[in-house]
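A.B. asks: A single structure is presented below for examination.
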Protein chains: 2
Amino acid sequence: MEQRISMTTLAVPDVAQARQFFEGGLGWEVNAAPSPEVVFFQVIGGVFALYSRDALEKEIGRGVTRDTTGAITLAWNARSESEVDETFEKAVSAGAKPVKHPEKAFWGGYSSYVEVPGGHLLEIAHNPFWVIETDGAITLPPPQPD
Amino acid sequence: MEQRISMTTLAVPDVAQARQFFEGGLGWEVNAAPSPEVVFFQVIGGVFALYSRDALEKEIGRGVTRDTTGAITLAWNARSESEVDETFEKAVSAGAKPVKHPEKAFWGGYSSYVEVPGGHLLEIAHNPFWVIETDGAITLPPPQPD
């Protein structure tokens with residue numbers, strides 16, 4: 001089983017509202033929205049999607065949490081601390097709620113959290129130990145034994 | 001704000017148990033586990049992590065849901081329907097719970113869902129409209145107007 005995550009999907013109560021945040025607020029380009037219930041964005045190596053919570057419940061045949069502090073987080077890594085500050089402000093201006101303002105993190109980086117429309121958490125951080133390549137991808141250093 | 005997701009993190013009650021599933025069960029290579037609370041895996045274009053739920057709660061300063069049917073899903077895309085069948089069986093053998101057995105999906109593909117140790121949902125699917133490249137990445141067709 002090759003080691004990859006092909007798609008990360010946020011289940012949201014209001015797809016149009018969440019789309020407006022990423023597309024209108026952050027300026028991300030929508031790849032396709034084949035129905036009002038789903039929106040696809042191309043991201044590096046894969047796909048990021050917004051999907052109707054009702055539709056997901058129907059698809060998987062059971063209820064999906066209404067709890068907005070999910071047990072999954074997404075991170076957007078910046079190239080510098082100042083880019084974290086700028087991006088945090090941009091996200092808040094675009095309608096995200098500040099959860100944790102940018103600050104030095106215990107792990108040696110600089111990190112912040114916002115809650116995006118639909119309730120999910122997005123970390124906006126700079127990790128000085130992880131190099132971001134020209135295309136935005138991250139390649140970790142060689143595996144390290146525990 | 002460049003269009004990417006740098007890291008996807010599953011918050012889990014038992015990091016060692018979840019690690020065992022991905023590493024021992026699925027055969028994924030761990031990149032680093034700098035503390036017992038976190039494990040990093042290199043995936044295409046970014047990072048996939050397992051993180052202690054208690055540690056995440058401390059980091060973000062609020063509670064994280066105990067609800068296991070999260071409002072985020074992760075997908076692993078296969079190159080064929082038979083690879084979906086094989087991978088679904090492999091995941092179940094490795095300790096995942098079957099949620100939806102592989103079947104033809106309404107959107108034209110072939111899809112299944114499992115619940116991995118820690119409670120998160122992973123879709124294992126084949127999408128005939130999305131080509132998987134040699135390295136496992138997906139590049140969507142050009143953007144399509146709504």
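Residues are referred to by chain and number: the chain letter is A, B, ... according to the order shown in the structure tokens, the number counts from 1 in that chain, and ligands are numbered separately from 1 in the order shown.
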Taking only chain B into account, list the residues labelled helix (DSSP H, G or I) by DSSP (computed from the backbone), as an NGL selection string.

C.D. replies: :B and (15-25 or 53-60 or 81-93)

A.B. asks: Please, could you write that set of residues out with N, CA and C atoms as a short mmCIF file (atom, residue, chain, number, x, y, z; two decimals), in the first residue's frame?

C.D. replies:
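Generated output (selection_32.cif):
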```cif
data_model
loop_
_atom_site.label_atom_id
_atom_site.label_comp_id
_atom_site.auth_asym_id
_atom_site.auth_seq_id
_atom_site.Cartn_x
_atom_site.Cartn_y
_atom_site.Cartn_z
N VAL B 15 -1.37 6.82 20.66
CA VAL B 15 -0.48 7.01 19.51
C VAL B 15 0.21 5.70 19.12
N ALA B 16 0.64 4.93 20.11
CA ALA B 16 1.36 3.68 19.80
C ALA B 16 0.47 2.71 19.03
N GLN B 17 -0.81 2.65 19.43
CA GLN B 17 -1.75 1.74 18.75
C GLN B 17 -1.99 2.18 17.30
N ALA B 18 -2.17 3.48 17.11
CA ALA B 18 -2.41 3.99 15.76
C ALA B 18 -1.15 3.81 14.90
N ARG B 19 0.01 4.04 15.51
CA ARG B 19 1.27 3.85 14.78
C ARG B 19 1.42 2.40 14.32
N GLN B 20 1.08 1.48 15.20
CA GLN B 20 1.19 0.06 14.88
C GLN B 20 0.37 -0.29 13.64
N PHE B 21 -0.82 0.32 13.53
CA PHE B 21 -1.67 0.07 12.37
C PHE B 21 -0.99 0.52 11.07
N PHE B 22 -0.53 1.77 11.05
CA PHE B 22 0.04 2.30 9.81
C PHE B 22 1.41 1.67 9.50
N GLU B 23 2.21 1.51 10.55
CA GLU B 23 3.58 1.02 10.33
C GLU B 23 3.61 -0.51 10.21
N GLY B 24 3.11 -1.18 11.23
CA GLY B 24 3.16 -2.64 11.23
C GLY B 24 2.12 -3.24 10.31
N GLY B 25 0.91 -2.66 10.32
CA GLY B 25 -0.19 -3.23 9.55
C GLY B 25 -0.11 -2.91 8.07
N ARG B 53 -4.17 13.06 21.47
CA ARG B 53 -5.30 13.97 21.64
C ARG B 53 -5.08 14.89 22.84
N ASP B 54 -4.56 14.33 23.93
CA ASP B 54 -4.28 15.17 25.11
C ASP B 54 -3.30 16.29 24.77
N ALA B 55 -2.27 15.95 24.00
CA ALA B 55 -1.28 16.97 23.64
C ALA B 55 -1.90 18.04 22.73
N LEU B 56 -2.78 17.63 21.82
CA LEU B 56 -3.43 18.61 20.94
C LEU B 56 -4.31 19.55 21.76
N GLU B 57 -5.04 18.98 22.71
CA GLU B 57 -5.91 19.82 23.56
C GLU B 57 -5.08 20.86 24.32
N LYS B 58 -3.93 20.43 24.80
CA LYS B 58 -3.06 21.36 25.52
C LYS B 58 -2.55 22.43 24.54
N GLU B 59 -2.19 22.00 23.34
CA GLU B 59 -1.60 22.94 22.38
C GLU B 59 -2.59 24.01 21.93
N ILE B 60 -3.84 23.61 21.65
CA ILE B 60 -4.79 24.59 21.14
C ILE B 60 -5.65 25.22 22.23
N GLU B 81 -10.13 -1.05 -9.43
CA GLU B 81 -11.11 -1.59 -8.48
C GLU B 81 -10.51 -2.76 -7.71
N SER B 82 -9.73 -3.59 -8.40
CA SER B 82 -9.17 -4.73 -7.67
C SER B 82 -8.18 -4.28 -6.60
N GLU B 83 -7.50 -3.16 -6.85
CA GLU B 83 -6.59 -2.66 -5.82
C GLU B 83 -7.38 -2.11 -4.62
N VAL B 84 -8.58 -1.60 -4.86
CA VAL B 84 -9.44 -1.20 -3.74
C VAL B 84 -9.78 -2.43 -2.90
N ASP B 85 -10.19 -3.50 -3.56
CA ASP B 85 -10.55 -4.72 -2.83
C ASP B 85 -9.37 -5.23 -1.99
N GLU B 86 -8.20 -5.26 -2.64
CA GLU B 86 -7.01 -5.78 -1.93
C GLU B 86 -6.64 -4.89 -0.75
N THR B 87 -6.72 -3.59 -0.94
CA THR B 87 -6.29 -2.66 0.10
C THR B 87 -7.29 -2.63 1.25
N PHE B 88 -8.57 -2.74 0.92
CA PHE B 88 -9.61 -2.83 1.95
C PHE B 88 -9.35 -4.07 2.82
N GLU B 89 -9.07 -5.18 2.19
CA GLU B 89 -8.81 -6.42 2.94
C GLU B 89 -7.54 -6.28 3.80
N LYS B 90 -6.54 -5.64 3.23
CA LYS B 90 -5.29 -5.46 3.96
C LYS B 90 -5.52 -4.58 5.20
N ALA B 91 -6.30 -3.52 5.02
CA ALA B 91 -6.57 -2.61 6.14
C ALA B 91 -7.36 -3.33 7.24
N VAL B 92 -8.34 -4.12 6.83
CA VAL B 92 -9.14 -4.86 7.83
C VAL B 92 -8.27 -5.91 8.54
N SER B 93 -7.42 -6.58 7.77
CA SER B 93 -6.51 -7.56 8.39
C SER B 93 -5.57 -6.88 9.37
#
```

A.B. asks: Can you give me chain B superposed onto chain A, least-squares on all Cα in order, written as a PDB file with C-alpha atoms, in the first residue's frame?

C.D. replies:
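Below is the file part.pdb, written as the result:
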```
ATOM      1  CA  MET B   1       0.025  -0.009   0.027  1.00  0.00           C
ATOM      2  CA  GLU B   2       1.863   3.048  -1.238  1.00  0.00           C
ATOM      3  CA  GLN B   3       2.306   5.766   1.329  1.00  0.00           C
ATOM      4  CA  ARG B   4       0.040   8.640   0.430  1.00  0.00           C
ATOM      5  CA  ILE B   5      -3.049  10.617   1.334  1.00  0.00           C
ATOM      6  CA  SER B   6      -4.937  11.254  -1.908  1.00  0.00           C
ATOM      7  CA  MET B   7      -7.645  13.590  -0.639  1.00  0.00           C
ATOM      8  CA  THR B   8      -8.519  15.455   2.536  1.00  0.00           C
ATOM      9  CA  THR B   9     -12.204  16.371   2.810  1.00  0.00           C
ATOM     10  CA  LEU B  10     -13.867  18.779   5.217  1.00  0.00           C
ATOM     11  CA  ALA B  11     -17.506  17.937   5.930  1.00  0.00           C
ATOM     12  CA  VAL B  12     -19.307  21.240   6.416  1.00  0.00           C
ATOM     13  CA  PRO B  13     -22.916  22.236   7.036  1.00  0.00           C
ATOM     14  CA  ASP B  14     -22.821  24.980   4.382  1.00  0.00           C
ATOM     15  CA  VAL B  15     -20.650  24.252   1.346  1.00  0.00           C
ATOM     16  CA  ALA B  16     -21.220  27.652  -0.292  1.00  0.00           C
ATOM     17  CA  GLN B  17     -20.086  29.488   2.849  1.00  0.00           C
ATOM     18  CA  ALA B  18     -16.946  27.374   3.220  1.00  0.00           C
ATOM     19  CA  ARG B  19     -16.196  27.749  -0.496  1.00  0.00           C
ATOM     20  CA  GLN B  20     -16.487  31.515  -0.208  1.00  0.00           C
ATOM     21  CA  PHE B  21     -13.809  31.502   2.503  1.00  0.00           C
ATOM     22  CA  PHE B  22     -11.248  29.502   0.532  1.00  0.00           C
ATOM     23  CA  GLU B  23     -12.037  30.927  -2.895  1.00  0.00           C
ATOM     24  CA  GLY B  24     -13.100  34.504  -2.235  1.00  0.00           C
ATOM     25  CA  GLY B  25     -11.261  35.019   1.045  1.00  0.00           C
ATOM     26  CA  LEU B  26      -7.980  33.180   0.536  1.00  0.00           C
ATOM     27  CA  GLY B  27      -7.934  33.314  -3.233  1.00  0.00           C
ATOM     28  CA  TRP B  28      -7.677  29.569  -3.854  1.00  0.00           C
ATOM     29  CA  GLU B  29      -8.725  28.417  -7.318  1.00  0.00           C
ATOM     30  CA  VAL B  30     -11.607  25.941  -7.462  1.00  0.00           C
ATOM     31  CA  ASN B  31     -10.901  23.029  -9.777  1.00  0.00           C
ATOM     32  CA  ALA B  32     -14.460  21.736 -10.072  1.00  0.00           C
ATOM     33  CA  ALA B  33     -17.796  21.852  -8.274  1.00  0.00           C
ATOM     34  CA  PRO B  34     -19.768  19.109  -9.999  1.00  0.00           C
ATOM     35  CA  SER B  35     -22.749  19.597  -7.665  1.00  0.00           C
ATOM     36  CA  PRO B  36     -23.739  22.141  -4.986  1.00  0.00           C
ATOM     37  CA  GLU B  37     -22.646  19.555  -2.408  1.00  0.00           C
ATOM     38  CA  VAL B  38     -18.964  19.336  -3.301  1.00  0.00           C
ATOM     39  CA  VAL B  39     -16.008  21.536  -4.262  1.00  0.00           C
ATOM     40  CA  PHE B  40     -12.553  20.255  -5.287  1.00  0.00           C
ATOM     41  CA  PHE B  41      -9.268  22.152  -5.045  1.00  0.00           C
ATOM     42  CA  GLN B  42      -5.962  20.922  -6.494  1.00  0.00           C
ATOM     43  CA  VAL B  43      -3.279  20.891  -3.823  1.00  0.00           C
ATOM     44  CA  ILE B  44       0.259  19.612  -4.034  1.00  0.00           C
ATOM     45  CA  GLY B  45       0.207  15.877  -4.639  1.00  0.00           C
ATOM     46  CA  GLY B  46      -3.534  15.486  -4.271  1.00  0.00           C
ATOM     47  CA  VAL B  47      -6.935  16.977  -3.665  1.00  0.00           C
ATOM     48  CA  PHE B  48      -8.591  19.064  -0.970  1.00  0.00           C
ATOM     49  CA  ALA B  49     -12.399  19.001  -0.895  1.00  0.00           C
ATOM     50  CA  LEU B  50     -15.381  20.600   0.808  1.00  0.00           C
ATOM     51  CA  TYR B  51     -18.361  18.289   1.095  1.00  0.00           C
ATOM     52  CA  SER B  52     -21.854  18.587   2.491  1.00  0.00           C
ATOM     53  CA  ARG B  53     -22.140  16.953   5.904  1.00  0.00           C
ATOM     54  CA  ASP B  54     -25.594  15.624   5.020  1.00  0.00           C
ATOM     55  CA  ALA B  55     -24.210  14.058   1.847  1.00  0.00           C
ATOM     56  CA  LEU B  56     -21.313  12.456   3.752  1.00  0.00           C
ATOM     57  CA  GLU B  57     -23.716  10.984   6.305  1.00  0.00           C
ATOM     58  CA  LYS B  58     -25.757   9.493   3.491  1.00  0.00           C
ATOM     59  CA  GLU B  59     -22.632   8.158   1.778  1.00  0.00           C
ATOM     60  CA  ILE B  60     -21.124   6.414   4.801  1.00  0.00           C
ATOM     61  CA  GLY B  61     -24.414   5.433   6.404  1.00  0.00           C
ATOM     62  CA  ARG B  62     -23.885   6.931   9.837  1.00  0.00           C
ATOM     63  CA  GLY B  63     -23.899  10.246  11.630  1.00  0.00           C
ATOM     64  CA  VAL B  64     -20.996  12.677  11.448  1.00  0.00           C
ATOM     65  CA  THR B  65     -19.989  14.729  14.454  1.00  0.00           C
ATOM     66  CA  ARG B  66     -21.397  18.250  14.947  1.00  0.00           C
ATOM     67  CA  ASP B  67     -18.441  18.988  17.213  1.00  0.00           C
ATOM     68  CA  THR B  68     -16.370  21.692  15.581  1.00  0.00           C
ATOM     69  CA  THR B  69     -13.052  21.046  17.312  1.00  0.00           C
ATOM     70  CA  GLY B  70     -12.348  17.969  15.263  1.00  0.00           C
ATOM     71  CA  ALA B  71      -9.849  15.270  16.046  1.00  0.00           C
ATOM     72  CA  ILE B  72      -8.095  16.034  12.756  1.00  0.00           C
ATOM     73  CA  THR B  73      -6.236  19.240  12.060  1.00  0.00           C
ATOM     74  CA  LEU B  74      -4.864  20.631   8.836  1.00  0.00           C
ATOM     75  CA  ALA B  75      -1.703  22.672   8.628  1.00  0.00           C
ATOM     76  CA  TRP B  76      -0.587  25.283   6.158  1.00  0.00           C
ATOM     77  CA  ASN B  77       3.152  25.849   6.482  1.00  0.00           C
ATOM     78  CA  ALA B  78       4.707  29.237   5.794  1.00  0.00           C
ATOM     79  CA  ARG B  79       8.281  29.997   4.754  1.00  0.00           C
ATOM     80  CA  SER B  80       8.891  32.475   7.580  1.00  0.00           C
ATOM     81  CA  GLU B  81       7.449  33.798  10.830  1.00  0.00           C
ATOM     82  CA  SER B  82       6.363  36.989   9.108  1.00  0.00           C
ATOM     83  CA  GLU B  83       4.474  34.947   6.530  1.00  0.00           C
ATOM     84  CA  VAL B  84       2.638  33.237   9.415  1.00  0.00           C
ATOM     85  CA  ASP B  85       1.622  36.647  10.754  1.00  0.00           C
ATOM     86  CA  GLU B  86       0.460  37.830   7.333  1.00  0.00           C
ATOM     87  CA  THR B  87      -1.447  34.645   6.565  1.00  0.00           C
ATOM     88  CA  PHE B  88      -3.108  34.548   9.988  1.00  0.00           C
ATOM     89  CA  GLU B  89      -4.325  38.117   9.434  1.00  0.00           C
ATOM     90  CA  LYS B  90      -5.497  37.280   5.939  1.00  0.00           C
ATOM     91  CA  ALA B  91      -7.452  34.260   7.182  1.00  0.00           C
ATOM     92  CA  VAL B  92      -9.094  36.286   9.960  1.00  0.00           C
ATOM     93  CA  SER B  93      -9.946  39.075   7.512  1.00  0.00           C
ATOM     94  CA  ALA B  94     -11.497  36.440   5.250  1.00  0.00           C
ATOM     95  CA  GLY B  95     -13.813  35.255   8.045  1.00  0.00           C
ATOM     96  CA  ALA B  96     -11.849  32.719  10.110  1.00  0.00           C
ATOM     97  CA  LYS B  97     -12.012  32.942  13.915  1.00  0.00           C
ATOM     98  CA  PRO B  98      -8.697  33.373  15.708  1.00  0.00           C
ATOM     99  CA  VAL B  99      -8.112  30.435  18.088  1.00  0.00           C
ATOM    100  CA  LYS B 100      -4.434  30.872  18.917  1.00  0.00           C
ATOM    101  CA  HIS B 101      -2.535  33.950  17.803  1.00  0.00           C
ATOM    102  CA  PRO B 102       0.924  33.385  16.282  1.00  0.00           C
ATOM    103  CA  GLU B 103       3.510  32.627  18.934  1.00  0.00           C
ATOM    104  CA  LYS B 104       6.726  30.699  19.494  1.00  0.00           C
ATOM    105  CA  ALA B 105       5.839  27.020  19.839  1.00  0.00           C
ATOM    106  CA  PHE B 106       7.346  24.511  22.274  1.00  0.00           C
ATOM    107  CA  TRP B 107       8.639  22.445  19.344  1.00  0.00           C
ATOM    108  CA  GLY B 108      10.881  25.223  18.059  1.00  0.00           C
ATOM    109  CA  GLY B 109       8.616  26.778  15.442  1.00  0.00           C
ATOM    110  CA  TYR B 110       6.081  29.579  15.266  1.00  0.00           C
ATOM    111  CA  SER B 111       2.442  28.612  15.162  1.00  0.00           C
ATOM    112  CA  SER B 112      -1.153  29.824  15.139  1.00  0.00           C
ATOM    113  CA  TYR B 113      -4.593  28.282  14.776  1.00  0.00           C
ATOM    114  CA  VAL B 114      -7.772  29.588  13.181  1.00  0.00           C
ATOM    115  CA  GLU B 115     -11.253  28.107  12.906  1.00  0.00           C
ATOM    116  CA  VAL B 116     -12.441  28.295   9.313  1.00  0.00           C
ATOM    117  CA  PRO B 117     -16.106  28.694   8.313  1.00  0.00           C
ATOM    118  CA  GLY B 118     -17.680  25.291   8.914  1.00  0.00           C
ATOM    119  CA  GLY B 119     -15.816  24.921  12.208  1.00  0.00           C
ATOM    120  CA  HIS B 120     -12.583  23.117  11.287  1.00  0.00           C
ATOM    121  CA  LEU B 121      -9.199  24.053  12.671  1.00  0.00           C
ATOM    122  CA  LEU B 122      -6.347  25.130  10.423  1.00  0.00           C
ATOM    123  CA  GLU B 123      -2.859  25.549  11.834  1.00  0.00           C
ATOM    124  CA  ILE B 124      -0.795  28.276  10.157  1.00  0.00           C
ATOM    125  CA  ALA B 125       2.822  27.701  11.125  1.00  0.00           C
ATOM    126  CA  HIS B 126       6.486  28.050  10.310  1.00  0.00           C
ATOM    127  CA  ASN B 127       8.668  25.027  11.009  1.00  0.00           C
ATOM    128  CA  PRO B 128      12.341  25.951  10.601  1.00  0.00           C
ATOM    129  CA  PHE B 129      13.296  22.254  10.441  1.00  0.00           C
ATOM    130  CA  TRP B 130      11.090  21.471   7.418  1.00  0.00           C
ATOM    131  CA  VAL B 131      12.141  23.036   4.131  1.00  0.00           C
ATOM    132  CA  ILE B 132       9.364  24.155   1.791  1.00  0.00           C
ATOM    133  CA  GLU B 133      10.327  23.575  -1.820  1.00  0.00           C
ATOM    134  CA  THR B 134       9.722  25.948  -4.717  1.00  0.00           C
ATOM    135  CA  ASP B 135       6.399  24.310  -5.568  1.00  0.00           C
ATOM    136  CA  GLY B 136       5.270  24.422  -1.925  1.00  0.00           C
ATOM    137  CA  ALA B 137       5.859  20.742  -1.162  1.00  0.00           C
ATOM    138  CA  ILE B 138       7.675  19.517   1.935  1.00  0.00           C
ATOM    139  CA  THR B 139      10.230  16.723   1.799  1.00  0.00           C
ATOM    140  CA  LEU B 140      11.223  15.553   5.257  1.00  0.00           C
ATOM    141  CA  PRO B 141      14.832  14.797   6.151  1.00  0.00           C
ATOM    142  CA  PRO B 142      15.814  11.097   5.946  1.00  0.00           C
ATOM    143  CA  PRO B 143      14.021   8.827   8.425  1.00  0.00           C
ATOM    144  CA  GLN B 144      15.397   9.002  11.927  1.00  0.00           C
ATOM    145  CA  PRO B 145      15.338   6.078  14.344  1.00  0.00           C
ATOM    146  CA  ASP B 146      13.250   6.686  17.499  1.00  0.00           C
TER     147      ASP B 146
END
```

A.B. asks: Which of stretch 50-139 of chain B counts as strand (DSSP E or B) under DSSP, as a PyMOL selection string please?

C.D. replies: chain B and resi 50-52+72-77+97-104+110-115+121-126+132+138

A.B. asks: Would you write out those residues with N, CA and C atoms, as an mmCIF file, in the first residue's frame?

C.D. replies:
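Contents of result-v9.cif, as written:
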```cif
data_model
loop_
_atom_site.group_PDB
_atom_site.id
_atom_site.type_symbol
_atom_site.label_atom_id
_atom_site.label_comp_id
_atom_site.auth_asym_id
_atom_site.auth_seq_id
_atom_site.Cartn_x
_atom_site.Cartn_y
_atom_site.Cartn_z
ATOM 1 N N LEU B 50 0.411 11.440 13.332
ATOM 2 C CA LEU B 50 -0.437 10.951 14.423
ATOM 3 C C LEU B 50 -0.016 11.735 15.655
ATOM 4 N N TYR B 51 -0.997 12.191 16.427
ATOM 5 C CA TYR B 51 -0.664 13.088 17.534
ATOM 6 C C TYR B 51 -1.601 12.771 18.699
ATOM 7 N N SER B 52 -1.053 12.803 19.879
ATOM 8 C CA SER B 52 -1.834 12.539 21.079
ATOM 9 C C SER B 52 -2.966 13.562 21.234
ATOM 10 N N ILE B 72 -14.034 15.246 9.122
ATOM 11 C CA ILE B 72 -13.009 15.236 8.077
ATOM 12 C C ILE B 72 -12.795 13.784 7.709
ATOM 13 N N THR B 73 -12.651 13.514 6.424
ATOM 14 C CA THR B 73 -12.262 12.170 6.012
ATOM 15 C C THR B 73 -10.969 12.252 5.210
ATOM 16 N N LEU B 74 -10.269 11.148 5.186
ATOM 17 C CA LEU B 74 -9.059 11.024 4.388
ATOM 18 C C LEU B 74 -9.317 9.963 3.342
ATOM 19 N N ALA B 75 -8.759 10.160 2.165
ATOM 20 C CA ALA B 75 -8.935 9.160 1.115
ATOM 21 C C ALA B 75 -7.595 8.660 0.623
ATOM 22 N N TRP B 76 -7.557 7.381 0.359
ATOM 23 C CA TRP B 76 -6.406 6.745 -0.276
ATOM 24 C C TRP B 76 -6.925 6.220 -1.603
ATOM 25 N N ASN B 77 -6.411 6.765 -2.716
ATOM 26 C CA ASN B 77 -6.922 6.354 -4.017
ATOM 27 C C ASN B 77 -6.075 5.241 -4.626
ATOM 28 N N LYS B 97 -11.721 -1.346 11.165
ATOM 29 C CA LYS B 97 -13.081 -1.887 11.138
ATOM 30 C C LYS B 97 -13.718 -1.566 9.797
ATOM 31 N N PRO B 98 -14.338 -2.555 9.158
ATOM 32 C CA PRO B 98 -15.042 -2.244 7.911
ATOM 33 C C PRO B 98 -16.262 -1.365 8.199
ATOM 34 N N VAL B 99 -16.433 -0.294 7.466
ATOM 35 C CA VAL B 99 -17.598 0.588 7.620
ATOM 36 C C VAL B 99 -18.491 0.460 6.395
ATOM 37 N N LYS B 100 -17.871 0.463 5.228
ATOM 38 C CA LYS B 100 -18.619 0.295 3.976
ATOM 39 C C LYS B 100 -17.763 -0.563 3.059
ATOM 40 N N HIS B 101 -18.240 -1.729 2.717
ATOM 41 C CA HIS B 101 -17.466 -2.619 1.855
ATOM 42 C C HIS B 101 -17.381 -2.018 0.447
ATOM 43 N N PRO B 102 -16.344 -2.375 -0.306
ATOM 44 C CA PRO B 102 -16.182 -1.799 -1.649
ATOM 45 C C PRO B 102 -17.421 -2.032 -2.520
ATOM 46 N N GLU B 103 -17.861 -0.955 -3.148
ATOM 47 C CA GLU B 103 -19.016 -1.053 -4.037
ATOM 48 C C GLU B 103 -18.964 0.083 -5.046
ATOM 49 N N LYS B 104 -19.741 -0.069 -6.124
ATOM 50 C CA LYS B 104 -19.861 1.003 -7.108
ATOM 51 C C LYS B 104 -20.458 2.221 -6.409
ATOM 52 N N TYR B 110 -15.540 3.548 -7.414
ATOM 53 C CA TYR B 110 -15.664 2.313 -6.643
ATOM 54 C C TYR B 110 -15.044 2.638 -5.286
ATOM 55 N N SER B 111 -15.830 2.502 -4.229
ATOM 56 C CA SER B 111 -15.395 3.098 -2.969
ATOM 57 C C SER B 111 -15.702 2.230 -1.762
ATOM 58 N N SER B 112 -14.886 2.385 -0.732
ATOM 59 C CA SER B 112 -15.098 1.708 0.549
ATOM 60 C C SER B 112 -14.627 2.637 1.662
ATOM 61 N N TYR B 113 -15.068 2.339 2.867
ATOM 62 C CA TYR B 113 -14.612 3.091 4.041
ATOM 63 C C TYR B 113 -14.227 2.118 5.146
ATOM 64 N N VAL B 114 -13.130 2.451 5.837
ATOM 65 C CA VAL B 114 -12.768 1.712 7.051
ATOM 66 C C VAL B 114 -12.549 2.720 8.178
ATOM 67 N N GLU B 115 -12.684 2.210 9.415
ATOM 68 C CA GLU B 115 -12.363 3.027 10.585
ATOM 69 C C GLU B 115 -11.024 2.530 11.107
ATOM 70 N N LEU B 121 -12.029 7.866 9.961
ATOM 71 C CA LEU B 121 -12.454 7.187 8.742
ATOM 72 C C LEU B 121 -11.443 7.403 7.620
ATOM 73 N N LEU B 122 -11.186 6.331 6.896
ATOM 74 C CA LEU B 122 -10.327 6.378 5.714
ATOM 75 C C LEU B 122 -11.108 5.789 4.550
ATOM 76 N N GLU B 123 -11.288 6.590 3.503
ATOM 77 C CA GLU B 123 -11.918 6.061 2.293
ATOM 78 C C GLU B 123 -10.836 5.393 1.450
ATOM 79 N N ILE B 124 -11.138 4.232 0.918
ATOM 80 C CA ILE B 124 -10.231 3.536 -0.005
ATOM 81 C C ILE B 124 -11.021 3.390 -1.300
ATOM 82 N N ALA B 125 -10.584 4.090 -2.352
ATOM 83 C CA ALA B 125 -11.438 4.241 -3.526
ATOM 84 C C ALA B 125 -10.652 4.248 -4.824
ATOM 85 N N HIS B 126 -11.357 3.930 -5.902
ATOM 86 C CA HIS B 126 -10.824 4.123 -7.243
ATOM 87 C C HIS B 126 -11.706 5.129 -7.962
ATOM 88 N N ILE B 132 -3.752 8.664 -11.390
ATOM 89 C CA ILE B 132 -2.696 8.608 -10.382
ATOM 90 C C ILE B 132 -1.371 8.488 -11.108
ATOM 91 N N ILE B 138 -1.826 12.925 -7.559
ATOM 92 C CA ILE B 138 -2.974 13.140 -8.441
ATOM 93 C C ILE B 138 -2.908 14.568 -8.957
#
```
